[in-house]
Amino acid sequence: MDKKVALLLMSHGDFAAELMRSLEFVIGKQDNYETLGVHLDDQVDDLQRQMYAKIDSLDTEKGLVVFTDIVGGTPMNLAGHLLEREHILICSGMNLPMVLECSFNRDKTIQELEELIKAAYQSGMVMRTSAEFTEEDEDDLLL
Amino acid sequence: MICFCRIDDRLIHGQVVTTWVNIKKIEQIIVVNDKVAEDKIQKNILNMAAPQGVKVHTFGVEKFADVYKTTPIKKRTMLLFTNSIDVDRVVELGVDIKELNIGGMRYQEGRKQLTKALSVTPEEEKAFHSLMDKGVDITIQMVPNDEAKNMREVM
């Protein structure tokens with residue numbers, strides 16, 4: 001089996017861990033990932049140590065994708081420390097469609113994932129209104 | 001071409017659109033269910049639940065058997081049912097189904113639970129036996145990542 005890129009999800013509160021729970025609910029069990037949640041009484045130094053410890057527990061030979069919730073937040077600032085490493089991609093605005101797409105493509109390179117995750121972020125946002133409520137036309141049925 | 005047949009009482013939802021539709025390269029989903037076929041709102045919701053580019057059609061059980069006889073299915077198609085009775089009925093009406101995936105028939109009071117995701121009424125259990133007697137290969141597998149279990153093991 002091909003090696004998979006490692007995933008690290010970081011968020012304010014338990015969003016990151018719960019996102020992975022939701023993801024595994026949808027597509028089944030995943031491996032080679034870690035999550036880190038920032039809570040009110042956490043110290044930044046300690047969080048940084050935790051982050052490095054979690055990354056050390058992962059197989060990052062093929063690369064590491066870090067998802068964080070919002071730009072400028074502590075999780076994103078923590079992730080910034082990782083940029084000195086190679087084969088790393090940090091994405092903020094983490095959501096389920098992005099992480100799903102990434103999970104399906106973990107055999108790809110970091111460069112390929114960059115494009116796929118960007119596309120998933122865009123296509124994951126759909127708005128519907130009552131204007132689209134339609135009746136199916138059965139006259140010209142093509143299967 | 002019918003590429004994949006599934007029983008899932010939630011019909012089109014996250015597990016279906018993110019995994020099976022991609023893996024089986026599905027271009028079209030046909031929902032076969034009498035109740036849904038009568039329900040305008042439910043039909044619209046199903047249309048909107050499908051991924052971009054995947055067409056959804058909904059037919060009642062008898063209606064689908066008629067359509068199957070007169071309209072060739074050219075697109076790569078997933079058939080979605082909510083229960084085994086409807087599957088057994090369309091097979092009896094001539095629809096060619098050799099393999100059937102069970103995604104979920106949820107537990108409710110009065111149903112016998114066979115696996116975490118599969119519970120049956122006596123009628124549904126009978127329909128499963130009838131399908132197996134007709135040579136249909138039935139496997140229980142919610143998502144492709146899960147281990148596939150053969151129906152014979154749990155019955």
# chains A, B, ... in the order shown; residues from 1 in each chain; ligands from 1
>>> residues_around(residues="region 9-17 of chain B", least_positions_apart="3", cutoff="6 Å", atoms="only C-alpha atoms", output="PDB file with N, CA and C atoms, in the first residue's frame")
ATOM      1  N   VAL A  26     -18.932   9.219   8.136  1.00  0.00           N
ATOM      2  CA  VAL A  26     -19.342   9.221   6.732  1.00  0.00           C
ATOM      3  C   VAL A  26     -18.549   8.217   5.900  1.00  0.00           C
TER       4      VAL A  26
ATOM      5  N   TRP B  20     -19.662   5.815  -2.473  1.00  0.00           N
ATOM      6  CA  TRP B  20     -20.122   4.895  -3.527  1.00  0.00           C
ATOM      7  C   TRP B  20     -20.226   5.569  -4.880  1.00  0.00           C
ATOM      8  N   VAL B  21     -20.773   6.775  -4.919  1.00  0.00           N
ATOM      9  CA  VAL B  21     -20.936   7.466  -6.204  1.00  0.00           C
ATOM     10  C   VAL B  21     -19.580   7.630  -6.891  1.00  0.00           C
ATOM     11  N   THR B  82     -35.279   1.295  -0.360  1.00  0.00           N
ATOM     12  CA  THR B  82     -35.281   1.435   1.095  1.00  0.00           C
ATOM     13  C   THR B  82     -35.473   0.090   1.791  1.00  0.00           C
ATOM     14  N   MET B 105     -30.830  -0.577   7.079  1.00  0.00           N
ATOM     15  CA  MET B 105     -32.267  -0.598   7.353  1.00  0.00           C
ATOM     16  C   MET B 105     -32.337  -0.508   8.869  1.00  0.00           C
TER      17      MET B 105
END
>>> select_by_dssp(residues="region 20-140 of chain A", states="helix (DSSP H, G or I)", output="count of residues only")
58
>>> closest_residue(among="B:Cys5, B:Val143, B:Ile41, B:Met78", to="Lys25 (chain B)", atoms="only C-alpha atoms")
B:Met78
>>> residues_around(residues="Leu142 (chain A)", least_positions_apart="3", cutoff="12 Å", atoms="only C-alpha atoms", output="PyMOL selection string")
(chain A and resi 137-139) or (chain B and resi 28+30+55-57+67-68+70-75)
>>> write_last_selection(atoms="N, CA and C atoms", output="mmCIF file, in the first residue's frame")
data_model
loop_
_atom_site.group_PDB
_atom_site.id
_atom_site.type_symbol
_atom_site.label_atom_id
_atom_site.label_comp_id
_atom_site.auth_asym_id
_atom_site.auth_seq_id
_atom_site.Cartn_x
_atom_site.Cartn_y
_atom_site.Cartn_z
ATOM 1 N N ASP A 137 -39.958 16.245 -15.566
ATOM 2 C CA ASP A 137 -40.625 16.098 -16.852
ATOM 3 C C ASP A 137 -40.417 14.674 -17.347
ATOM 4 N N GLU A 138 -41.511 13.920 -17.421
ATOM 5 C CA GLU A 138 -41.360 12.499 -17.760
ATOM 6 C C GLU A 138 -41.528 12.218 -19.244
ATOM 7 N N ASP A 139 -41.791 13.249 -20.021
ATOM 8 C CA ASP A 139 -42.057 13.015 -21.440
ATOM 9 C C ASP A 139 -40.820 12.541 -22.194
ATOM 10 N N GLN B 28 -25.817 8.435 -12.602
ATOM 11 C CA GLN B 28 -27.254 8.567 -12.416
ATOM 12 C C GLN B 28 -27.719 7.693 -11.255
ATOM 13 N N ILE B 30 -31.110 6.074 -9.564
ATOM 14 C CA ILE B 30 -32.553 5.835 -9.687
ATOM 15 C C ILE B 30 -33.067 5.324 -8.344
ATOM 16 N N LYS B 55 -27.521 12.737 -12.101
ATOM 17 C CA LYS B 55 -28.957 12.912 -12.289
ATOM 18 C C LYS B 55 -29.713 11.947 -11.377
ATOM 19 N N VAL B 56 -30.817 12.417 -10.826
ATOM 20 C CA VAL B 56 -31.640 11.550 -9.978
ATOM 21 C C VAL B 56 -33.021 11.357 -10.605
ATOM 22 N N HIS B 57 -33.464 10.121 -10.699
ATOM 23 C CA HIS B 57 -34.835 9.824 -11.101
ATOM 24 C C HIS B 57 -35.497 9.039 -9.981
ATOM 25 N N VAL B 67 -40.602 0.964 -16.883
ATOM 26 C CA VAL B 67 -39.593 1.815 -17.521
ATOM 27 C C VAL B 67 -38.396 0.975 -17.953
ATOM 28 N N TYR B 68 -38.012 0.032 -17.086
ATOM 29 C CA TYR B 68 -36.856 -0.830 -17.343
ATOM 30 C C TYR B 68 -37.038 -1.616 -18.647
ATOM 31 N N THR B 70 -38.886 -0.655 -21.240
ATOM 32 C CA THR B 70 -39.044 0.152 -22.455
ATOM 33 C C THR B 70 -37.893 1.123 -22.707
ATOM 34 N N THR B 71 -37.166 1.488 -21.650
ATOM 35 C CA THR B 71 -36.128 2.510 -21.801
ATOM 36 C C THR B 71 -34.767 1.920 -21.465
ATOM 37 N N PRO B 72 -33.864 1.865 -22.433
ATOM 38 C CA PRO B 72 -32.536 1.331 -22.114
ATOM 39 C C PRO B 72 -31.796 2.245 -21.136
ATOM 40 N N ILE B 73 -31.141 1.647 -20.154
ATOM 41 C CA ILE B 73 -30.384 2.452 -19.181
ATOM 42 C C ILE B 73 -28.954 2.566 -19.688
ATOM 43 N N LYS B 74 -28.616 3.740 -20.173
ATOM 44 C CA LYS B 74 -27.305 3.918 -20.810
ATOM 45 C C LYS B 74 -26.259 4.450 -19.839
ATOM 46 N N LYS B 75 -26.700 5.297 -18.924
ATOM 47 C CA LYS B 75 -25.734 5.890 -17.984
ATOM 48 C C LYS B 75 -25.326 4.874 -16.915
#
>>> closest_residue(among="B:Phe4, B:Phe59, B:Phe81, B:Phe128", to="chain A", atoms="only C-alpha atoms")
B:Phe59
>>> closest_atom_pairs(of="chain A", to="chain B", cutoff="9 Å", atoms="only C-alpha atoms", output="JSON lines")
{"residue": "A:Phe25", "atom": "CA", "partner": "B:Gln15", "partner_atom": "CA", "distance": 8.2}
{"residue": "A:Val26", "atom": "CA", "partner": "B:Gln15", "partner_atom": "CA", "distance": 4.9}
{"residue": "A:Ile27", "atom": "CA", "partner": "B:Val143", "partner_atom": "CA", "distance": 6.0}
{"residue": "A:Gly28", "atom": "CA", "partner": "B:Asn145", "partner_atom": "CA", "distance": 5.5}
{"residue": "A:Lys29", "atom": "CA", "partner": "B:Asn145", "partner_atom": "CA", "distance": 7.2}
{"residue": "A:Leu100", "atom": "CA", "partner": "B:Thr18", "partner_atom": "CA", "distance": 8.0}
{"residue": "A:Glu101", "atom": "CA", "partner": "B:Thr18", "partner_atom": "CA", "distance": 8.7}
{"residue": "A:Phe104", "atom": "CA", "partner": "B:Thr19", "partner_atom": "CA", "distance": 8.9}
{"residue": "A:Arg128", "atom": "CA", "partner": "B:Met48", "partner_atom": "CA", "distance": 8.3}
{"residue": "A:Glu132", "atom": "CA", "partner": "B:Asn44", "partner_atom": "CA", "distance": 8.6}
{"residue": "A:Phe133", "atom": "CA", "partner": "B:Asn44", "partner_atom": "CA", "distance": 6.3}
{"residue": "A:Thr134", "atom": "CA", "partner": "B:Asn44", "partner_atom": "CA", "distance": 6.9}
{"residue": "A:Glu135", "atom": "CA", "partner": "B:Lys40", "partner_atom": "CA", "distance": 7.5}
{"residue": "A:Glu136", "atom": "CA", "partner": "B:His57", "partner_atom": "CA", "distance": 8.4}
{"residue": "A:Leu141", "atom": "CA", "partner": "B:Thr71", "partner_atom": "CA", "distance": 7.9}
{"residue": "A:Leu142", "atom": "CA", "partner": "B:Thr71", "partner_atom": "CA", "distance": 7.4}
{"residue": "A:Leu143", "atom": "CA", "partner": "B:Ile73", "partner_atom": "CA", "distance": 4.8}
>>> residues_around(residues="Glu99 (chain B)", least_positions_apart="5", cutoff="6 Å", atoms="only C-alpha atoms", output="ChimeraX atom specification")
/B:136-138
>>> write_last_selection(atoms="C-alpha atoms", output="PDB file, in the first residue's frame")
ATOM      1  CA  VAL B 136     -28.695 -12.542  -5.801  1.00  0.00           C
ATOM      2  CA  ASP B 137     -25.415 -12.027  -3.949  1.00  0.00           C
ATOM      3  CA  ILE B 138     -26.163  -9.840  -0.918  1.00  0.00           C
TER       4      ILE B 138
END
>>> select_by_dssp(residues="region 38-154 of chain B", states="strand (DSSP E)", output="list in words")
Lys55, Val56, His57, Thr58, Phe59, Thr77, Met78, Leu79, Leu80, Phe81, Glu99, Leu100, Asn101, Ile102, Gly103, Gly104, Lys112, Gln113, Leu114, Thr115, Leu118, Ser119, Val120, Asp137, Ile138, Thr139, Ile140, Lys149 and Asn150 of chain B
